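> Contents of my_file26.txt (compact mmCIF, C-alpha atoms) are below:
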```
# COMPACT_ATOMS: atom_id res chain seq x y z
CA MET A 140 27.06 -31.35 -2.91
CA GLU A 141 29.65 -29.81 -0.60
CA PRO A 142 32.44 -32.46 -0.42
CA TYR A 143 32.75 -32.11 3.36
CA GLU A 144 29.03 -32.13 4.16
CA HIS A 145 29.42 -34.68 6.96
CA TYR A 146 32.11 -32.63 8.68
CA LEU A 147 30.12 -29.41 8.26
CA ASP A 148 26.94 -30.88 9.68
CA SER A 149 28.60 -32.42 12.76
CA LEU A 150 30.69 -29.33 13.53
CA ALA A 151 27.72 -26.97 13.06
CA LYS A 152 25.53 -29.05 15.37
CA VAL A 153 28.20 -29.14 18.09
CA ALA A 154 28.92 -25.40 17.62
CA VAL A 155 25.29 -24.47 18.22
CA HIS A 156 24.31 -27.00 20.90
CA VAL A 157 27.62 -27.60 22.77
CA GLY A 158 29.77 -24.56 21.97
CA LEU A 159 27.07 -21.93 22.31
CA GLY A 160 24.19 -23.66 24.05
CA LEU A 161 22.13 -21.27 21.92
CA GLN A 162 18.78 -20.42 23.47
CA GLU A 163 15.42 -20.02 21.79
CA GLY A 164 14.84 -16.31 21.16
CA GLN A 165 18.58 -15.45 21.32
CA GLU A 166 20.24 -13.59 18.47
CA LEU A 167 23.61 -14.79 17.17
CA LEU A 168 26.56 -12.80 15.81
CA ILE A 169 29.09 -14.82 13.78
CA THR A 170 32.54 -13.59 12.74
CA ALA A 171 34.34 -15.70 10.16
CA PRO A 172 36.91 -15.74 7.36
CA ILE A 173 35.19 -15.42 3.99
CA GLU A 174 36.39 -18.91 3.02
CA ALA A 175 34.21 -20.40 5.79
CA VAL A 176 30.90 -19.62 4.04
CA PRO A 177 29.83 -23.32 3.86
CA LEU A 178 30.24 -23.77 7.64
CA VAL A 179 28.63 -20.40 8.41
CA ARG A 180 25.56 -21.38 6.40
CA LYS A 181 25.23 -24.73 8.13
CA ILE A 182 25.62 -23.10 11.58
CA THR A 183 23.05 -20.48 10.58
CA GLU A 184 20.63 -23.27 9.66
CA TYR A 185 21.07 -24.99 13.05
CA ALA A 186 20.79 -21.63 14.86
CA TYR A 187 17.45 -20.83 13.29
CA LYS A 188 16.23 -24.38 13.96
CA ALA A 189 17.20 -23.81 17.61
CA GLY A 190 14.91 -20.76 17.71
CA SER A 191 17.26 -17.84 17.05
CA PRO A 192 15.26 -14.90 15.65
CA LEU A 193 18.25 -13.35 13.88
CA VAL A 194 21.72 -14.54 12.80
CA SER A 195 24.13 -11.81 11.66
CA VAL A 196 27.46 -12.57 9.99
CA LEU A 197 30.61 -10.45 9.70
CA TYR A 198 33.14 -11.81 7.20
CA ASP A 199 36.86 -11.05 7.18
CA ASP A 200 38.70 -11.02 3.85
CA GLU A 201 42.40 -11.65 4.42
CA ALA A 202 43.34 -10.68 0.87
CA ALA A 203 41.80 -7.25 1.46
CA HIS A 204 43.58 -7.06 4.83
CA LEU A 205 46.91 -7.70 3.13
CA LEU A 206 46.22 -4.95 0.58
CA ARG A 207 46.09 -2.49 3.48
CA PHE A 208 49.70 -3.27 4.37
CA GLN A 209 50.75 -3.01 0.75
CA HIS A 210 48.98 0.20 -0.28
CA ALA A 211 47.37 2.09 2.63
CA PRO A 212 48.75 5.48 3.76
CA GLU A 213 50.94 5.60 6.86
CA ALA A 214 48.11 6.94 9.05
CA SER A 215 46.04 3.82 8.33
CA PHE A 216 47.94 1.73 10.85
CA ASP A 217 46.75 3.80 13.81
CA LYS A 218 43.08 3.39 12.87
CA ALA A 219 40.42 0.77 13.61
CA PRO A 220 36.65 0.65 12.90
CA GLN A 221 35.44 1.79 16.31
CA TRP A 222 31.88 2.00 14.97
CA LEU A 223 31.97 -1.72 14.13
CA TYR A 224 33.19 -2.78 17.57
CA ASN A 225 30.71 -0.45 19.25
CA GLY A 226 27.98 -2.28 17.34
CA MET A 227 29.32 -5.67 18.40
CA ALA A 228 29.46 -4.56 22.04
CA GLU A 229 25.89 -3.27 21.76
CA ALA A 230 24.75 -6.64 20.38
CA PHE A 231 26.38 -8.55 23.24
CA GLN A 232 25.05 -6.14 25.87
CA ALA A 233 21.59 -6.77 24.42
CA GLY A 234 22.10 -10.53 24.84
CA ALA A 235 23.29 -11.82 21.47
CA ALA A 236 25.51 -14.92 21.53
CA ARG A 237 28.93 -14.76 19.86
CA LEU A 238 30.53 -17.38 17.62
CA HIS A 239 33.93 -16.93 16.00
CA ILE A 240 35.19 -19.24 13.27
CA ALA A 241 38.97 -19.47 13.34
CA GLY A 242 41.08 -20.41 10.35
CA SER A 243 43.33 -17.57 9.29
CA ASP A 244 46.47 -17.83 7.16
CA PRO A 245 49.29 -18.03 9.75
CA ASN A 246 51.77 -16.56 7.26
CA LEU A 247 49.58 -13.70 6.01
CA LEU A 248 51.64 -10.86 7.47
CA GLY A 249 54.98 -12.65 7.70
CA GLY A 250 56.61 -10.35 5.16
CA GLN A 251 55.13 -7.10 6.44
CA PRO A 252 56.96 -4.55 8.63
CA PRO A 253 56.56 -5.61 12.30
CA GLU A 254 56.14 -1.96 13.31
CA LYS A 255 53.04 -1.61 11.09
CA VAL A 256 51.65 -4.95 12.28
CA ALA A 257 52.09 -3.87 15.91
CA ARG A 258 50.49 -0.45 15.34
CA ALA A 259 47.49 -1.92 13.55
CA ASN A 260 47.03 -4.51 16.29
CA ARG A 261 47.25 -1.91 19.04
CA ALA A 262 44.67 0.28 17.30
CA ARG A 263 42.35 -2.71 16.94
CA SER A 264 42.91 -3.78 20.55
CA LEU A 265 42.00 -0.33 21.83
CA ALA A 266 38.84 -0.19 19.71
CA TYR A 267 37.94 -3.79 20.61
CA ARG A 268 38.48 -3.43 24.36
CA ARG A 269 34.81 -3.25 25.35
CA VAL A 270 34.01 -6.31 23.23
CA LEU A 271 36.92 -8.23 24.78
CA GLU A 272 35.78 -7.35 28.30
CA LEU A 273 32.25 -8.61 27.57
CA ILE A 274 33.74 -11.86 26.27
CA THR A 275 36.34 -12.40 29.02
CA THR A 276 33.76 -11.67 31.73
CA HIS A 277 31.35 -14.14 30.05
CA HIS A 278 28.62 -11.52 29.80
CA ILE A 279 27.07 -13.79 27.18
CA ASN A 280 27.56 -17.34 25.91
CA TRP A 281 30.25 -17.55 23.25
CA SER A 282 32.38 -20.08 21.43
CA ILE A 283 35.14 -20.57 18.85
CA VAL A 284 35.30 -23.36 16.27
CA ALA A 285 37.58 -23.76 13.25
CA TYR A 286 37.32 -24.08 9.46
CA PRO A 287 40.22 -25.40 7.34
CA GLN A 288 40.65 -22.71 4.72
CA PRO A 289 43.28 -23.54 2.05
CA ALA A 290 46.05 -21.14 3.16
CA TRP A 291 45.91 -22.55 6.69
CA ALA A 292 45.89 -26.13 5.39
CA ARG A 293 48.97 -25.44 3.22
CA ALA A 294 50.83 -24.15 6.30
CA VAL A 295 50.01 -27.27 8.34
CA PHE A 296 50.72 -29.70 5.46
CA PRO A 297 53.25 -27.85 3.29
CA GLY A 298 54.29 -30.87 1.24
CA LEU A 299 50.82 -31.81 0.00
CA PRO A 300 48.63 -30.59 -2.88
CA GLU A 301 46.10 -28.05 -1.61
CA GLN A 302 43.03 -30.29 -1.91
CA GLU A 303 44.76 -33.10 -0.01
CA ALA A 304 46.01 -30.65 2.64
CA VAL A 305 42.46 -29.34 3.20
CA ARG A 306 41.13 -32.89 3.51
CA LYS A 307 43.78 -33.81 6.08
CA LEU A 308 43.16 -30.64 8.08
CA TRP A 309 39.42 -31.37 8.09
CA GLU A 310 40.20 -34.82 9.50
CA ALA A 311 42.51 -33.34 12.16
CA ILE A 312 39.93 -30.72 13.22
CA PHE A 313 37.22 -33.37 13.29
CA LYS A 314 39.23 -35.67 15.56
CA ALA A 315 40.56 -32.90 17.82
CA SER A 316 37.04 -31.52 18.23
CA ARG A 317 35.77 -34.96 19.38
CA LEU A 318 33.37 -35.26 16.46
CA ASP A 319 34.57 -38.72 15.36
CA THR A 320 32.04 -40.56 17.55
CA PRO A 321 28.46 -41.77 16.97
CA ASP A 322 27.09 -39.05 19.31
CA PRO A 323 29.45 -36.04 19.59
CA VAL A 324 27.07 -34.15 21.91
CA ALA A 325 27.18 -37.05 24.43
CA THR A 326 30.95 -37.34 23.94
CA TRP A 327 31.34 -33.68 24.86
CA LYS A 328 29.15 -34.13 27.93
CA ALA A 329 31.47 -36.89 29.18
CA HIS A 330 34.60 -34.86 28.34
CA ASN A 331 33.25 -31.83 30.21
CA GLN A 332 32.58 -34.05 33.23
CA ARG A 333 36.23 -35.21 33.29
CA LEU A 334 37.47 -31.63 33.08
CA ALA A 335 35.03 -30.60 35.84
CA GLU A 336 36.47 -33.29 38.15
CA ARG A 337 40.01 -32.00 37.55
CA VAL A 338 38.84 -28.42 38.19
CA ALA A 339 37.14 -29.47 41.45
CA TYR A 340 40.34 -31.19 42.65
CA LEU A 341 42.50 -28.12 41.97
CA ASN A 342 39.99 -25.77 43.57
CA GLN A 343 39.96 -27.96 46.66
CA LYS A 344 43.79 -27.93 46.88
CA ARG A 345 44.02 -24.07 46.85
CA TYR A 346 47.64 -23.99 45.73
CA HIS A 347 49.55 -20.78 46.33
CA ALA A 348 51.69 -21.19 43.19
CA LEU A 349 52.70 -23.56 40.38
CA HIS A 350 56.32 -24.49 39.64
CA PHE A 351 57.21 -25.46 36.05
CA LYS A 352 60.55 -27.25 35.55
CA GLY A 353 61.98 -28.46 32.24
CA PRO A 354 64.62 -27.70 29.59
CA GLY A 355 65.17 -23.94 29.69
CA THR A 356 62.28 -23.52 32.14
CA ASP A 357 62.34 -22.89 35.88
CA LEU A 358 59.23 -20.79 36.45
CA LEU A 359 57.27 -20.05 39.61
CA VAL A 360 53.76 -18.77 38.87
CA GLY A 361 52.00 -17.36 41.92
CA LEU A 362 48.22 -17.69 41.75
CA ALA A 363 45.81 -14.78 42.25
CA ASP A 364 44.09 -14.26 45.59
CA ASP A 365 40.73 -16.09 45.63
CA HIS A 366 41.63 -17.71 42.30
CA LEU A 367 39.35 -20.32 40.75
CA TRP A 368 40.23 -23.05 38.28
CA ALA A 369 38.01 -23.48 35.24
CA GLY A 370 37.88 -25.66 32.16
CA GLY A 371 35.43 -27.12 29.69
CA ALA A 372 31.87 -25.87 29.99
CA VAL A 373 31.17 -22.59 31.78
CA GLN A 374 28.01 -20.79 32.80
CA ALA A 375 27.79 -17.28 31.39
CA LYS A 376 26.23 -14.40 33.31
CA ASN A 377 23.02 -14.94 31.34
CA GLY A 378 22.78 -18.43 32.86
CA VAL A 379 23.60 -20.27 29.64
CA VAL A 380 26.17 -23.10 29.77
CA CYS A 381 28.60 -22.93 26.86
CA ASN A 382 31.96 -24.34 25.74
CA PRO A 383 34.05 -21.31 24.75
CA ASN A 384 36.63 -23.41 22.88
CA ILE A 385 35.96 -26.32 20.55
CA PRO A 386 38.31 -28.19 21.00
CA THR A 387 39.49 -27.83 24.59
CA GLU A 388 41.72 -29.97 26.81
CA GLU A 389 42.85 -27.41 29.40
CA VAL A 390 42.12 -26.48 32.98
CA PHE A 391 43.21 -22.93 33.73
CA THR A 392 43.26 -20.16 36.30
CA ALA A 393 44.51 -16.63 36.92
CA PRO A 394 48.11 -16.02 38.00
CA HIS A 395 48.89 -13.21 40.41
CA LYS A 396 50.28 -10.49 38.15
CA ASP A 397 52.98 -9.50 40.69
CA ARG A 398 54.12 -12.99 41.78
CA ILE A 399 55.81 -14.57 38.77
CA GLU A 400 59.52 -15.36 38.93
CA GLY A 401 62.03 -17.22 36.79
CA VAL A 402 62.71 -18.25 33.23
CA VAL A 403 60.54 -20.06 30.71
CA ARG A 404 61.03 -21.37 27.19
CA SER A 405 58.27 -22.02 24.65
CA THR A 406 57.85 -25.64 23.56
CA LYS A 407 55.92 -24.92 20.35
CA PRO A 408 55.98 -22.02 17.88
CA LEU A 409 53.34 -19.32 18.34
CA SER A 410 51.48 -18.11 15.27
CA TYR A 411 50.42 -14.54 15.98
CA LEU A 412 49.02 -11.98 13.53
CA GLY A 413 50.61 -13.64 10.54
CA SER A 414 54.03 -13.97 12.20
CA LEU A 415 55.64 -17.12 13.58
CA LEU A 416 57.38 -16.73 16.95
CA GLU A 417 59.77 -19.63 17.60
CA ASP A 418 61.88 -20.56 20.64
CA ILE A 419 60.56 -17.77 22.85
CA GLU A 420 62.61 -17.32 26.03
CA VAL A 421 61.41 -14.97 28.76
CA ARG A 422 62.59 -14.00 32.24
CA PHE A 423 60.16 -12.70 34.86
CA GLU A 424 60.91 -10.62 37.94
CA LYS A 425 58.15 -9.58 40.36
CA GLY A 426 55.52 -10.57 37.82
CA ARG A 427 56.92 -8.63 34.84
CA VAL A 428 58.85 -9.68 31.77
CA VAL A 429 62.33 -8.16 32.08
CA GLU A 430 64.01 -10.07 29.23
CA ALA A 431 62.49 -11.60 26.09
CA THR A 432 64.10 -13.24 23.08
CA ALA A 433 62.94 -15.46 20.23
CA LYS A 434 64.69 -17.31 17.42
CA SER A 435 62.17 -15.82 14.98
CA GLY A 436 59.56 -13.11 15.51
CA ALA A 437 61.53 -11.35 18.26
CA ASP A 438 60.51 -7.93 16.89
CA VAL A 439 56.83 -8.87 17.05
CA LEU A 440 57.24 -10.30 20.58
CA ASN A 441 58.88 -7.16 21.91
CA ARG A 442 56.29 -4.90 20.31
CA VAL A 443 53.53 -7.02 21.87
CA LEU A 444 55.17 -6.54 25.27
CA GLN A 445 55.02 -2.77 24.73
CA THR A 446 51.24 -2.78 24.11
CA ASP A 447 50.54 -1.67 27.69
CA GLU A 448 51.78 -2.41 31.21
CA GLY A 449 49.60 -5.52 31.50
CA ALA A 450 51.16 -7.03 28.37
CA LYS A 451 54.33 -7.67 30.39
CA SER A 452 52.55 -9.96 32.87
CA LEU A 453 50.36 -13.05 32.73
CA GLY A 454 46.57 -13.35 32.65
CA GLU A 455 46.31 -17.13 32.45
CA VAL A 456 48.14 -20.32 33.36
CA ALA A 457 46.77 -23.60 32.00
CA LEU A 458 47.56 -27.27 32.46
CA VAL A 459 47.16 -29.71 29.56
CA PRO A 460 48.34 -33.34 29.56
CA HIS A 461 50.89 -34.32 26.92
CA SER A 462 48.56 -37.22 26.03
CA SER A 463 45.84 -34.85 24.75
CA PRO A 464 44.52 -35.82 21.28
CA ILE A 465 46.02 -32.66 19.81
CA ALA A 466 49.49 -33.35 21.21
CA GLN A 467 49.28 -36.96 20.07
CA SER A 468 48.39 -35.90 16.52
CA GLY A 469 51.97 -34.65 16.23
CA LEU A 470 50.74 -31.67 14.23
CA LEU A 471 51.62 -28.04 14.67
CA PHE A 472 48.36 -26.30 13.77
CA TYR A 473 49.77 -22.74 13.64
CA ASN A 474 46.53 -21.78 15.40
CA THR A 475 46.29 -21.09 19.13
CA LEU A 476 42.81 -22.66 19.45
CA PHE A 477 44.46 -26.02 18.74
CA ASP A 478 48.10 -25.59 19.74
CA GLU A 479 47.25 -24.34 23.24
CA ASN A 480 45.37 -27.59 23.80
CA ALA A 481 48.46 -29.63 22.97
CA ALA A 482 50.50 -28.37 25.91
CA SER A 483 50.39 -26.53 29.22
CA HIS A 484 50.60 -22.82 28.52
CA ILE A 485 50.63 -19.29 29.83
CA ALA A 486 49.05 -16.16 28.37
CA LEU A 487 50.40 -12.65 28.33
CA GLY A 488 47.75 -10.02 29.08
CA GLN A 489 44.13 -10.00 30.18
CA ALA A 490 42.86 -12.37 32.88
CA TYR A 491 39.42 -14.00 32.86
CA SER A 492 37.05 -12.82 35.61
CA GLU A 493 35.65 -16.37 35.92
CA CYS A 494 39.03 -17.32 37.45
CA ILE A 495 38.37 -15.18 40.55
CA GLN A 496 35.74 -16.07 43.15
CA GLY A 497 32.74 -13.81 42.51
CA GLY A 498 34.69 -12.27 39.64
CA SER A 499 31.67 -11.51 37.48
CA GLN A 500 30.42 -9.12 40.17
CA LEU A 501 33.76 -7.33 40.65
CA SER A 502 34.96 -4.18 38.92
CA PRO A 503 38.19 -4.25 36.89
CA GLU A 504 39.89 -2.43 39.78
CA GLU A 505 38.65 -4.99 42.34
CA LEU A 506 39.85 -7.84 40.13
CA GLU A 507 43.24 -6.17 39.80
CA ALA A 508 43.51 -5.84 43.58
CA LYS A 509 43.29 -9.65 43.82
CA GLY A 510 46.14 -10.01 41.33
CA ALA A 511 44.14 -10.49 38.11
CA ASN A 512 46.00 -8.92 35.21
CA ARG A 513 44.46 -6.30 32.95
CA SER A 514 45.55 -5.62 29.37
CA LEU A 515 44.42 -4.97 25.81
CA ILE A 516 45.82 -8.34 24.74
CA HIS A 517 45.49 -12.04 25.62
CA ILE A 518 48.11 -14.20 23.88
CA ASP A 519 48.59 -17.86 24.78
CA TRP A 520 51.90 -19.62 24.22
CA MET A 521 52.92 -23.16 24.96
CA ILE A 522 55.41 -24.09 27.70
CA GLY A 523 54.51 -27.74 28.41
CA SER A 524 55.83 -30.95 26.87
CA GLY A 525 56.72 -34.52 27.69
CA GLU A 526 59.84 -33.13 29.39
CA VAL A 527 58.15 -30.62 31.71
CA ASP A 528 57.19 -31.30 35.34
CA VAL A 529 54.69 -29.21 37.33
CA ASP A 530 54.39 -28.96 41.12
CA GLY A 531 51.64 -27.34 43.12
CA ILE A 532 53.09 -25.18 45.88
CA THR A 533 51.03 -24.96 49.07
CA ALA A 534 50.66 -21.82 51.20
CA SER A 535 53.31 -23.26 53.56
CA GLY A 536 55.74 -23.69 50.66
CA GLN A 537 55.46 -27.47 50.30
CA ALA A 538 55.77 -28.83 46.74
CA GLU A 539 53.27 -31.49 45.63
CA PRO A 540 53.65 -33.24 42.25
CA LEU A 541 50.90 -32.36 39.77
CA MET A 542 52.46 -33.41 36.47
CA ARG A 543 55.45 -35.54 35.60
CA LYS A 544 56.80 -35.60 32.03
CA GLY A 545 53.68 -33.75 30.95
CA GLU A 546 51.16 -36.19 32.45
CA TRP A 547 48.87 -35.84 35.47
CA VAL A 548 50.26 -37.66 38.50
```
Kindly present the structure from the file in structure tokens form.


Amino acid sequence: MEPYEHYLDSLAKVAVHVGLGLQEGQELLITAPIEAVPLVRKITEYAYKAGSPLVSVLYDDEAAHLLRFQHAPEASFDKAPQWLYNGMAEAFQAGAARLHIAGSDPNLLGGQPPEKVARANRARSLAYRRVLELITTHHINWSIVAYPQPAWARAVFPGLPEQEAVRKLWEAIFKASRLDTPDPVATWKAHNQRLAERVAYLNQKRYHALHFKGPGTDLLVGLADDHLWAGGAVQAKNGVVCNPNIPTEEVFTAPHKDRIEGVVRSTKPLSYLGSLLEDIEVRFEKGRVVEATAKSGADVLNRVLQTDEGAKSLGEVALVPHSSPIAQSGLLFYNTLFDENAASHIALGQAYSECIQGGSQLSPEELEAKGANRSLIHIDWMIGSGEVDVDGITASGQAEPLMRKGEWV
């Protein structure tokens, strides 16, 4: 018997019924690392029991991906399988739900030339753009969950034998994903209600900007015109309520791409495309990054900023209390799905249309006119901690305390 059967069963059930809200008659497309086969099979079982007529799975093999960087010709790094992403977009346009299983090796590409990593990522981002737009506009119900593959577990628990590291990462995922209760589905319902109350409060306040203040950080983030806060469960355009991220602790909205000023320092490392970016420091003027440094991964950071014009501005600002279960675990997960839910954060790149009033009915140009950023990328990095304060700034310029030492006031 699979040694983690209990974990698999609980996570698969929550993925299908809370994460996706999968509907009878709805197809499902799963993308996953090849190591996650046991979880994929359990999710597939629950999906068919929920009435899905077809579950399709696309596996990613990181070892094969690494071989590309070691042996492929130079021209390889400007190519991406457009045909594959066209097919994914076609599936979502036809109404299929999307589930991604996270769990990549955070150090996979650490030793590879940053220029090749950046080129390959840009080629993929261009080919993937239509898929990303369908996801960020919530055209369909979608979700992300995680599977503790060995390379990831070794990164999180480097001093432990592999089997013990995997067991501990399973336990951490299980707790962070609120599965350690007698009825996880009911637990998620209550959690979503708490997030909804926070969202309602912020939407009622209609702040003009947020001011982050802490060590190395003095950042004013203007909010987009007609912005909306969101968090927890969302209703997709197809009417299905889903939880895009399992776990989630954040409430978030869209910054105004032209109204960001000041300096900000990351409070946790960012694991991105196999590279670790530590101690990121960025200065914004008129919404754009004008200076960017990092203790490690600076090359990758600066190449990311060159992806397109929108990569130099922000598409998301999110508030997360320092008392979140993920922050309190004391772990660095080297995975944005978890680490972004340990601290307040910002994201370079694409904004979510759900964060603009009536956004799902607006064109990309109309969204942009309200300040929503547009880009090929969306990269979250953490700027909150127990030392960071956040004020809401009213339209008249008055500062109201929102967070003190990382906790809601």

> Smallest atom-to-atom distance to A:Met521: which of A:Leu415, A:Val443, A:Val456, A:Ala534, using all atoms listed in the file?

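Nearest to A:Met521: A:Val456.
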
> Looking at A:Gln445, A:Ser483, A:Gln332, A:Asn512, which one is nearest to A:Ser405, with distances taken over all atoms listed in the file?

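Checking each of A:Gln445, A:Ser483, A:Gln332, A:Asn512 against A:Ser405, counting all atoms listed in the file, the winner is A:Ser483.
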
> Find the residue from A:Glu388, A:Asp397, A:Asp200, A:Glu163 that sits nearest to A:Glu448; use all atoms listed in the file when measuring.

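Looking at the shortest contact to A:Glu448, the residue is A:Asp397.
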
> Mind checking which residues fall within 12 Å of A:Ala203, counting all atoms listed in the file, ignoring those fewer than 5 positions away in the same chain, and posting them as an MDAnalysis selection string?

chainID A and resid 172:173 198 208:211 247

> Nearest to A:Leu159 among A:His366, A:Gly361, A:Cys381, A:Pro323, with distances taken over only C-alpha atoms: which residue is it?

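Distance minimum relative to A:Leu159 lands on A:Cys381.
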
> So, counting only C-alpha atoms, which residue among A:Arg180, A:Arg333, A:Lys544, A:His145 is closest to A:Phe313?

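Closest to A:Phe313 of all the choices is A:His145.
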
> Record the distance separating atom CA of A:Glu430 and atom CA of A:Arg513, expressed in Å with one decimal.

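Value for the atom CA of A:Glu430-atom CA of A:Arg513 distance: 20.3 Å.
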
> Nearest to A:Gly371: which of A:Val338, A:Val295, A:Met227, A:Ala393 is it, counting all atoms listed in the file?

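Comparing A:Val338, A:Val295, A:Met227, A:Ala393 against A:Gly371, the winner is A:Val338.
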
> Using only C-alpha atoms, find all polymer residues with an atom at most 8 Å away from the point (35.7, -23.9, 19.3); report them as a list in words.

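Protein, DNA and RNA residues close to (35.7, -23.9, 19.3): Ala154, Gly158, His239, Ile240, Ser282, Ile283, Val284, Ala285, Ser316, Asn382, Pro383, Asn384, Ile385, Pro386, Thr387 and Leu476 of chain A.
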
> Let me have the centre and edge lengths of the axis-aligned box enclosing all listed atoms of stretch 262-279 of chain A with 8 Å padding on every side, in Å to one decimal, as AutoDock Vina command-line options.


```
--center_x 35.9 --center_y -6.9 --center_z 24.3 --size_x 33.6 --size_y 30.4 --size_z 30.8
```

> Find the distance between atom CA of A:Asp438 and atom CA of A:Arg404 and write it in Å to one decimal.

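A separation of 16.9 Å between them.
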
> Would you kindly return, as an MDAnalysis selection string, each protein, DNA or RNA residue with an atom no farther than 12 Å from any atom of A:Gly498, considering all atoms listed in the file and excluding same-chain residues fewer than 4 positions away?

chainID A and resid 275:278 363:367 375:376 393 490:494 502:511
